[in-house]
file model_7.txt (compact mmCIF, C-alpha atoms)
# COMPACT_ATOMS: atom_id res chain seq x y z
CA MET A 20 1.88 7.51 -20.41
CA ARG A 21 0.30 4.86 -22.61
CA ALA A 22 3.20 2.83 -23.86
CA HIS A 23 3.72 -0.59 -25.24
CA ILE A 24 6.87 -1.70 -23.51
CA THR A 25 9.02 -4.74 -23.72
CA LEU A 26 12.26 -4.36 -21.85
CA SER A 27 15.44 -6.23 -22.60
CA PRO A 28 16.56 -8.58 -19.78
CA LYS A 29 19.21 -6.03 -18.83
CA GLN A 30 16.71 -3.16 -18.73
CA LEU A 31 14.28 -5.28 -16.72
CA GLY A 32 17.05 -6.12 -14.27
CA PHE A 33 17.83 -2.45 -13.77
CA ALA A 34 14.13 -1.62 -13.41
CA MET A 35 13.78 -4.30 -10.71
CA LEU A 36 16.86 -2.92 -8.97
CA PHE A 37 15.41 0.60 -8.94
CA VAL A 38 12.10 -0.66 -7.54
CA ALA A 39 13.92 -2.76 -4.94
CA LEU A 40 16.04 0.18 -3.79
CA GLY A 41 13.05 2.50 -3.38
CA GLY A 42 10.98 -0.28 -1.81
CA ALA A 43 13.67 -1.18 0.71
CA VAL A 44 13.96 2.42 1.93
CA GLY A 45 10.17 2.96 1.96
CA THR A 46 9.51 -0.26 3.90
CA LEU A 47 12.29 0.56 6.37
CA ILE A 48 10.84 4.00 7.09
CA ARG A 49 7.31 2.56 7.49
CA ASP A 50 8.61 -0.10 9.87
CA LEU A 51 10.38 2.52 11.96
CA LEU A 52 7.37 4.86 12.01
CA LEU A 53 5.06 1.99 13.03
CA LYS A 54 7.18 1.44 16.11
CA ILE A 55 5.78 4.70 17.47
CA ASN A 56 3.43 3.73 20.26
CA LEU A 57 0.73 6.36 20.58
CA TYR A 58 -0.75 4.82 23.70
CA ALA A 59 2.42 4.31 25.64
CA ILE A 60 1.38 4.66 29.24
CA PRO A 61 4.08 4.72 31.91
CA ARG A 62 4.01 1.49 33.85
CA GLY A 63 2.08 1.56 37.10
CA THR A 64 0.18 4.76 36.42
CA ALA A 65 -2.87 3.55 34.57
CA VAL A 66 -4.58 0.41 33.40
CA TYR A 67 -4.36 -0.10 29.66
CA SER A 68 -7.76 -0.88 28.29
CA SER A 69 -7.38 -3.16 25.32
CA THR A 70 -11.15 -3.33 24.82
CA ASP A 71 -11.23 0.32 23.79
CA TRP A 72 -11.41 -0.02 20.02
CA THR A 73 -10.24 3.54 19.44
CA HIS A 74 -6.86 2.45 20.78
CA GLN A 75 -6.68 0.02 17.86
CA ILE A 76 -7.03 2.69 15.18
CA PRO A 77 -3.78 2.64 13.18
CA TRP A 78 -3.24 6.40 13.17
CA VAL A 79 0.38 6.16 12.11
CA LEU A 80 -0.35 3.92 9.12
CA LEU A 81 -3.35 6.10 8.19
CA ALA A 82 -1.07 9.14 8.21
CA ILE A 83 1.61 7.37 6.16
CA ASN A 84 -0.95 6.18 3.60
CA THR A 85 -2.63 9.57 3.31
CA VAL A 86 0.63 11.44 2.83
CA GLY A 87 1.68 8.74 0.35
CA VAL A 88 -1.40 9.34 -1.81
CA TYR A 89 -0.76 13.09 -1.80
CA VAL A 90 2.87 12.74 -2.86
CA ALA A 91 2.08 10.07 -5.49
CA THR A 92 -0.68 12.15 -7.07
CA ASP A 93 1.50 15.23 -7.08
CA LEU A 94 4.44 13.38 -8.66
CA LEU A 95 2.41 11.49 -11.27
CA ARG A 96 0.38 14.53 -12.22
CA HIS A 97 3.20 17.05 -12.34
CA ARG A 98 6.88 16.21 -12.13
CA LEU A 99 6.61 12.71 -13.60
CA LYS A 100 3.67 13.40 -15.89
CA HIS A 101 5.50 12.86 -19.13
CA HIS A 102 7.67 10.04 -17.90
CA ASP A 103 6.85 6.53 -19.03
CA PRO A 104 6.12 3.85 -16.40
CA ASN A 105 9.64 2.48 -16.71
CA ASP A 106 11.35 5.79 -16.09
CA PRO A 107 13.99 5.21 -13.35
CA MET A 108 12.78 8.17 -11.32
CA ARG A 109 9.23 6.87 -11.35
CA LEU A 110 10.36 3.33 -10.50
CA VAL A 111 12.41 4.50 -7.52
CA LEU A 112 9.97 7.08 -6.15
CA VAL A 113 6.47 5.83 -6.96
CA THR A 114 6.60 2.07 -7.55
CA GLY A 115 9.40 1.54 -5.05
CA PHE A 116 9.56 4.15 -2.32
CA LEU A 117 5.89 5.17 -2.03
CA GLY A 118 4.73 1.62 -2.75
CA GLY A 119 6.92 0.34 0.06
CA LEU A 120 6.10 3.22 2.37
CA THR A 121 2.33 2.78 2.12
CA SER A 122 0.55 -0.46 2.83
CA TYR A 123 -2.89 -1.81 2.03
CA SER A 124 -2.35 -5.21 3.67
CA GLY A 125 -1.13 -3.80 6.99
CA PHE A 126 -4.27 -1.71 7.04
CA PHE A 127 -6.44 -4.83 6.76
CA VAL A 128 -4.56 -6.53 9.58
CA ASP A 129 -5.34 -3.53 11.80
CA LEU A 130 -8.96 -3.43 10.60
CA ALA A 131 -9.35 -7.10 11.52
CA ALA A 132 -8.29 -6.28 15.08
CA ILE A 133 -10.95 -3.55 15.27
CA TRP A 134 -13.57 -5.87 13.68
CA HIS A 135 -13.29 -8.17 16.70
CA LEU A 136 -14.29 -5.29 18.98
CA THR A 137 -16.76 -3.36 16.83
CA ILE A 138 -17.87 -3.92 13.26
CA GLY A 139 -19.25 -0.40 12.94
CA GLY A 140 -15.96 1.09 14.09
CA CYS A 141 -14.10 -1.06 11.61
CA LEU A 142 -16.24 0.14 8.69
CA LEU A 143 -15.92 3.71 9.92
CA VAL A 144 -12.12 3.52 9.96
CA ALA A 145 -12.08 1.87 6.51
CA ALA A 146 -14.32 4.55 5.02
CA GLY A 147 -12.33 7.28 6.76
CA ALA A 148 -9.06 5.97 5.38
CA ILE A 149 -10.36 5.94 1.81
CA LEU A 150 -11.95 9.37 2.12
CA ALA A 151 -8.75 10.76 3.60
CA GLY A 152 -6.77 9.20 0.74
CA LEU A 153 -9.13 10.65 -1.88
CA SER A 154 -8.98 14.11 -0.29
CA ALA A 155 -5.19 13.91 -0.21
CA GLY A 156 -5.23 12.90 -3.88
CA MET A 157 -7.44 15.85 -4.82
CA LEU A 158 -5.09 18.11 -2.90
CA GLY A 159 -2.17 16.64 -4.82
CA LEU A 160 -3.94 17.37 -8.12
CA GLY A 161 -4.82 20.92 -7.30
CA ARG A 162 -1.45 22.42 -6.57
CA HIS A 163 -1.04 23.52 -10.16
CA ARG A 164 -4.29 24.43 -11.78
CA HIS A 165 -3.13 24.44 -15.37
CA ARG A 166 -4.63 21.76 -17.58
CA ALA A 167 -2.42 19.60 -19.71
CA MET B 29 19.04 -7.54 11.98
CA THR B 30 15.24 -7.82 11.80
CA LEU B 31 15.16 -4.28 10.47
CA SER B 32 17.29 -5.17 7.46
CA LEU B 33 15.27 -8.35 6.83
CA VAL B 34 12.02 -6.35 6.93
CA SER B 35 13.55 -3.91 4.47
CA ILE B 36 14.70 -6.69 2.12
CA ALA B 37 11.30 -8.42 2.34
CA GLY B 38 9.67 -5.08 1.45
CA ALA B 39 11.97 -4.71 -1.55
CA VAL B 40 11.04 -8.21 -2.75
CA GLY B 41 7.34 -7.40 -2.33
CA CYS B 42 7.74 -4.21 -4.37
CA VAL B 43 9.59 -6.06 -7.14
CA VAL B 44 6.82 -8.69 -7.33
CA ARG B 45 4.26 -5.89 -7.65
CA TYR B 46 6.37 -4.24 -10.36
CA LEU B 47 6.59 -7.53 -12.27
CA PHE B 48 2.77 -7.79 -12.17
CA GLU B 49 2.60 -4.30 -13.68
CA TYR B 50 5.30 -5.06 -16.22
CA VAL B 51 3.69 -8.29 -17.44
CA VAL B 52 0.24 -6.68 -17.70
CA ARG B 53 1.54 -3.65 -19.54
CA ARG B 54 3.68 -5.70 -21.91
CA SER B 55 0.79 -7.84 -23.07
CA HIS B 56 -1.87 -5.14 -22.93
CA PRO B 57 -0.70 -1.54 -23.22
CA THR B 58 -2.78 0.43 -20.76
CA ASN B 59 -2.52 2.96 -18.00
CA ARG B 60 -5.31 1.25 -16.07
CA PRO B 61 -3.72 -0.08 -12.91
CA TRP B 62 -5.37 -3.51 -12.75
CA ALA B 63 -2.00 -5.04 -11.91
CA THR B 64 -1.87 -2.83 -8.81
CA VAL B 65 -5.34 -4.04 -7.83
CA ALA B 66 -4.19 -7.65 -8.28
CA ALA B 67 -1.04 -7.05 -6.22
CA ASN B 68 -3.08 -5.46 -3.43
CA ALA B 69 -5.57 -8.33 -3.47
CA LEU B 70 -2.80 -10.94 -3.38
CA GLY B 71 -0.99 -9.06 -0.61
CA ALA B 72 -4.17 -8.79 1.45
CA GLY B 73 -4.80 -12.53 0.99
CA ILE B 74 -1.29 -13.45 2.10
CA ALA B 75 -1.60 -11.01 5.02
CA GLY B 76 -4.87 -12.65 6.11
CA TYR B 77 -3.26 -16.08 5.99
CA ALA B 78 -0.10 -14.96 7.77
CA ALA B 79 -1.87 -12.84 10.39
CA TYR B 80 -4.04 -15.81 11.35
CA ARG B 81 -1.14 -18.24 11.36
CA LEU B 82 1.06 -15.95 13.41
CA ILE B 83 -1.51 -15.12 16.11
CA GLY B 84 0.07 -15.74 19.45
CA THR B 85 3.51 -16.21 17.98
CA ASP B 86 6.09 -14.98 20.43
CA ASP B 87 8.47 -14.35 17.59
CA ALA B 88 7.61 -10.78 16.60
CA ASN B 89 10.41 -10.85 14.01
CA ILE B 90 8.74 -13.27 11.62
CA ARG B 91 5.52 -11.24 11.90
CA ALA B 92 7.39 -8.06 10.99
CA ILE B 93 9.23 -9.68 8.09
CA VAL B 94 6.15 -11.30 6.51
CA LEU B 95 3.44 -8.74 7.34
CA THR B 96 5.21 -5.39 7.56
CA GLY B 97 7.90 -6.35 5.08
CA PHE B 98 6.72 -8.60 2.28
CA CYS B 99 2.96 -7.92 2.34
CA GLY B 100 3.52 -4.23 3.02
CA GLY B 101 5.85 -3.96 0.04
CA LEU B 102 3.60 -6.02 -2.24
CA THR B 103 0.62 -3.80 -1.52
CA THR B 104 0.39 -0.07 -2.06
CA PHE B 105 -2.06 2.50 -0.86
CA SER B 106 -0.50 5.45 -2.63
CA SER B 107 -0.98 4.22 -6.21
CA ALA B 108 -4.29 2.54 -5.32
CA LEU B 109 -5.84 5.96 -4.74
CA ALA B 110 -3.57 8.32 -6.70
CA ILE B 111 -4.29 6.64 -10.07
CA PRO B 112 -8.12 6.79 -9.73
CA VAL B 113 -7.88 10.44 -8.66
CA ILE B 114 -5.84 11.20 -11.78
CA LEU B 115 -8.21 9.15 -13.98
CA GLN B 116 -11.13 11.11 -12.57
CA ARG B 117 -9.37 14.35 -13.46
CA GLU B 118 -8.92 13.00 -16.97
CA HIS B 119 -12.70 12.40 -17.08
CA HIS B 120 -12.54 8.60 -16.77
CA TRP B 121 -15.14 8.61 -14.00
CA GLY B 122 -16.27 5.03 -14.48
CA TYR B 123 -12.79 3.60 -14.13
CA ALA B 124 -12.03 5.82 -11.14
CA VAL B 125 -15.15 4.77 -9.24
CA ALA B 126 -14.64 1.12 -10.18
CA LEU B 127 -11.07 1.17 -8.88
CA ILE B 128 -11.90 2.99 -5.66
CA THR B 129 -14.73 0.60 -4.80
CA THR B 130 -13.40 -2.74 -6.04
CA THR B 131 -9.97 -2.49 -4.41
CA PRO B 132 -11.14 -2.47 -0.76
CA LEU B 133 -13.92 -5.00 -1.44
CA LEU B 134 -11.58 -7.35 -3.27
CA CYS B 135 -8.86 -6.93 -0.64
CA SER B 136 -11.17 -7.58 2.30
CA GLY B 137 -12.56 -10.61 0.46
CA MET B 138 -9.06 -11.93 -0.14
CA PHE B 139 -8.09 -11.20 3.47
CA VAL B 140 -11.00 -13.33 4.68
CA VAL B 141 -10.15 -16.09 2.18
CA GLY B 142 -6.56 -16.05 3.44
CA MET B 143 -7.74 -16.29 7.03
CA SER B 144 -10.08 -19.16 6.32
CA LEU B 145 -7.34 -21.03 4.47
CA ALA B 146 -5.18 -20.68 7.58
CA HIS B 147 -8.02 -21.75 9.85
call {"tool": "encode", "arguments": {"input": "model_7.txt", "output": "structure tokens"}}
result
Amino acid sequence: MRAHITLSPKQLGFAMLFVALGGAVGTLIRDLLLKINLYAIPRGTAVYSSTDWTHQIPWVLLAINTVGVYVATDLLRHRLKHHDPNDPMRLVLVTGFLGGLTSYSGFFVDLAAIWHLTIGGCLLVAAGAILAGLSAGMLGLGRHRHRA
Amino acid sequence: MTLSLVSIAGAVGCVVRYLFEYVVRRSHPTNRPWATVAANALGAGIAGYAAYRLIGTDDANIRAIVLTGFCGGLTTFSSALAIPVILQREHHWGYAVALITTTPLLCSGMFVVGMSLAH
């Protein structure tokens, strides 16, 4: 994995293209998934309480990010283990697709919304997200027990 | 229409992140993902700025393109945690803990800086 790499302009162009392709698809899927409204309440049946901070928890993004960590760990540890960082498969799947699919910045935007309602809740969600990601990563490691 | 622009903005964000990684790795061969940390911090900063600027904007499209698209593509959660988990497995505990703790702290710091710049 440790490699001293200088790509030719043509190789770099292809690498950027691979990343862009994966990133475009990943971002598109995240955007579509984020349109899911978990608290959709039929009009006229209930009053939506926007002061309930639990309604601000970004469950969909948390799920996307957690699954993303699992898949990335699994790929980097197993299937792509011996591939260098500029391997097309790795560029498309990990740097592009999973990088585009998961989002750290979107998470902070959601956390900021919770912060306005409850600071404790905000810290709880942040810690939960990281713990969930770490657990998913450990799960991704453990599928094959053999040591390299 | 917005959907394709969000997708393109995400692709651009990912390419910028890749270029960070490429430049770092070219000048300093390493498998330590400090370029990813930098991309996440930058993305969080831009998101803080943009989120503040776009509060109350009726145009949800520009919000989606900048925040969901560009910033979302520039930042990554998957590599941010997958790499430290792998480093830990390879017995680089110090690096793993440093990455796991500095990334959120740095990103929240940058998010606040971005917001105050927009203020």
call {"tool": "residues_around", "arguments": {"input": "model_7.txt", "residues": "Ile133 in chain A", "least_positions_apart": "5", "cutoff": "9 Å", "atoms": "all atoms listed in the file", "output": "PyMOL selection string"}}
result
chain A and resi 72-73+75-76+138+140-141+144
call {"tool": "residues_around", "arguments": {"input": "model_7.txt", "residues": "Pro132 in chain B", "least_positions_apart": "2", "cutoff": "10 Å", "atoms": "all atoms listed in the file", "output": "list in words"}}
result
Tyr123, Phe127, Ala145, Ala146 and Ile149 of chain A; Val65, Asn68, Ala69, Ala72, Ala108, Leu127, Ile128, Thr129, Thr130, Leu134, Cys135, Ser136, Gly137 and Met138 of chain B
call {"tool": "closest_residue", "arguments": {"input": "model_7.txt", "among": "B:Val125, B:Phe139, B:Ser106, B:Thr96", "to": "Leu31 in chain B", "atoms": "only C-alpha atoms"}}
result
B:Thr96
call {"tool": "atom_distance", "arguments": {"input": "model_7.txt", "atom1": "CA of Gly159 in chain A", "atom2": "CA of His119 in chain B"}}
result
16.7 Å
call {"tool": "interface_residues", "arguments": {"input": "model_7.txt", "of": "chain A", "to": "chain B", "cutoff": "8 Å", "atoms": "all atoms listed in the file", "output": "number ranges by chain"}}
result
A: 20-25, 35, 38-44, 46-47, 50, 84-85, 87-89, 91-92, 96, 113-115, 117-125, 127-128, 149, 152-153, 156-157, 160
call {"tool": "write_last_selection", "arguments": {"input": "model_7.txt", "atoms": "C-alpha atoms", "output": "mmCIF file, in the frame of the given file"}}
result
data_model
loop_
_atom_site.group_PDB
_atom_site.id
_atom_site.type_symbol
_atom_site.label_atom_id
_atom_site.label_comp_id
_atom_site.auth_asym_id
_atom_site.auth_seq_id
_atom_site.Cartn_x
_atom_site.Cartn_y
_atom_site.Cartn_z
ATOM 1 C CA MET A 20 1.880 7.510 -20.410
ATOM 2 C CA ARG A 21 0.300 4.860 -22.610
ATOM 3 C CA ALA A 22 3.200 2.830 -23.860
ATOM 4 C CA HIS A 23 3.720 -0.590 -25.240
ATOM 5 C CA ILE A 24 6.870 -1.700 -23.510
ATOM 6 C CA THR A 25 9.020 -4.740 -23.720
ATOM 7 C CA MET A 35 13.780 -4.300 -10.710
ATOM 8 C CA VAL A 38 12.100 -0.660 -7.540
ATOM 9 C CA ALA A 39 13.920 -2.760 -4.940
ATOM 10 C CA LEU A 40 16.040 0.180 -3.790
ATOM 11 C CA GLY A 41 13.050 2.500 -3.380
ATOM 12 C CA GLY A 42 10.980 -0.280 -1.810
ATOM 13 C CA ALA A 43 13.670 -1.180 0.710
ATOM 14 C CA VAL A 44 13.960 2.420 1.930
ATOM 15 C CA THR A 46 9.510 -0.260 3.900
ATOM 16 C CA LEU A 47 12.290 0.560 6.370
ATOM 17 C CA ASP A 50 8.610 -0.100 9.870
ATOM 18 C CA ASN A 84 -0.950 6.180 3.600
ATOM 19 C CA THR A 85 -2.630 9.570 3.310
ATOM 20 C CA GLY A 87 1.680 8.740 0.350
ATOM 21 C CA VAL A 88 -1.400 9.340 -1.810
ATOM 22 C CA TYR A 89 -0.760 13.090 -1.800
ATOM 23 C CA ALA A 91 2.080 10.070 -5.490
ATOM 24 C CA THR A 92 -0.680 12.150 -7.070
ATOM 25 C CA ARG A 96 0.380 14.530 -12.220
ATOM 26 C CA VAL A 113 6.470 5.830 -6.960
ATOM 27 C CA THR A 114 6.600 2.070 -7.550
ATOM 28 C CA GLY A 115 9.400 1.540 -5.050
ATOM 29 C CA LEU A 117 5.890 5.170 -2.030
ATOM 30 C CA GLY A 118 4.730 1.620 -2.750
ATOM 31 C CA GLY A 119 6.920 0.340 0.060
ATOM 32 C CA LEU A 120 6.100 3.220 2.370
ATOM 33 C CA THR A 121 2.330 2.780 2.120
ATOM 34 C CA SER A 122 0.550 -0.460 2.830
ATOM 35 C CA TYR A 123 -2.890 -1.810 2.030
ATOM 36 C CA SER A 124 -2.350 -5.210 3.670
ATOM 37 C CA GLY A 125 -1.130 -3.800 6.990
ATOM 38 C CA PHE A 127 -6.440 -4.830 6.760
ATOM 39 C CA VAL A 128 -4.560 -6.530 9.580
ATOM 40 C CA ILE A 149 -10.360 5.940 1.810
ATOM 41 C CA GLY A 152 -6.770 9.200 0.740
ATOM 42 C CA LEU A 153 -9.130 10.650 -1.880
ATOM 43 C CA GLY A 156 -5.230 12.900 -3.880
ATOM 44 C CA MET A 157 -7.440 15.850 -4.820
ATOM 45 C CA LEU A 160 -3.940 17.370 -8.120
#
call {"tool": "atom_distance", "arguments": {"input": "model_7.txt", "atom1": "CA of Ala132 in chain A", "atom2": "CA of Leu82 in chain B"}}
result
13.6 Å
call {"tool": "atom_distance", "arguments": {"input": "model_7.txt", "atom1": "CA of Trp121 in chain B", "atom2": "CA of Leu99 in chain A"}}
result
22.1 Å
call {"tool": "build_atoms", "arguments": {"input": "model_7.txt", "residues": "range 105-122 of chain A", "atoms": "N, CA and C atoms", "output": "CSV table (one decimal), in the coordinates of the input"}}
result
chain,number,residue,atom,x,y,z
A,105,ASN,N,8.4,3.1,-17.0
A,105,ASN,CA,9.6,2.5,-16.7
A,105,ASN,C,10.8,3.5,-16.6
A,106,ASP,N,10.4,4.8,-16.4
A,106,ASP,CA,11.4,5.8,-16.1
A,106,ASP,C,12.0,5.5,-14.7
A,107,PRO,N,13.3,5.5,-14.6
A,107,PRO,CA,14.0,5.2,-13.4
A,107,PRO,C,13.5,6.0,-12.2
A,108,MET,N,13.3,7.3,-12.4
A,108,MET,CA,12.8,8.2,-11.3
A,108,MET,C,11.4,7.7,-10.8
A,109,ARG,N,10.6,7.3,-11.7
A,109,ARG,CA,9.2,6.9,-11.4
A,109,ARG,C,9.3,5.5,-10.6
A,110,LEU,N,10.2,4.7,-11.1
A,110,LEU,CA,10.4,3.3,-10.5
A,110,LEU,C,10.8,3.5,-9.1
A,111,VAL,N,11.8,4.3,-8.9
A,111,VAL,CA,12.4,4.5,-7.5
A,111,VAL,C,11.4,5.2,-6.6
A,112,LEU,N,10.8,6.3,-7.1
A,112,LEU,CA,10.0,7.1,-6.2
A,112,LEU,C,8.6,6.5,-6.0
A,113,VAL,N,7.9,6.2,-7.1
A,113,VAL,CA,6.5,5.8,-7.0
A,113,VAL,C,6.3,4.3,-6.7
A,114,THR,N,6.8,3.5,-7.7
A,114,THR,CA,6.6,2.1,-7.6
A,114,THR,C,7.4,1.5,-6.3
A,115,GLY,N,8.6,2.0,-6.2
A,115,GLY,CA,9.4,1.5,-5.0
A,115,GLY,C,9.1,2.2,-3.7
A,116,PHE,N,9.6,3.5,-3.6
A,116,PHE,CA,9.6,4.2,-2.3
A,116,PHE,C,8.1,4.3,-1.8
A,117,LEU,N,7.2,4.9,-2.5
A,117,LEU,CA,5.9,5.2,-2.0
A,117,LEU,C,5.1,3.9,-1.9
A,118,GLY,N,5.4,2.9,-2.8
A,118,GLY,CA,4.7,1.6,-2.8
A,118,GLY,C,5.2,0.9,-1.5
A,119,GLY,N,6.4,1.0,-1.2
A,119,GLY,CA,6.9,0.3,0.1
A,119,GLY,C,6.5,1.1,1.3
A,120,LEU,N,6.5,2.4,1.2
A,120,LEU,CA,6.1,3.2,2.4
A,120,LEU,C,4.7,3.0,2.8
A,121,THR,N,3.8,3.0,1.8
A,121,THR,CA,2.3,2.8,2.1
A,121,THR,C,2.0,1.3,2.1
A,122,SER,N,0.9,0.9,2.8
A,122,SER,CA,0.6,-0.5,2.8
A,122,SER,C,-0.9,-0.6,2.9
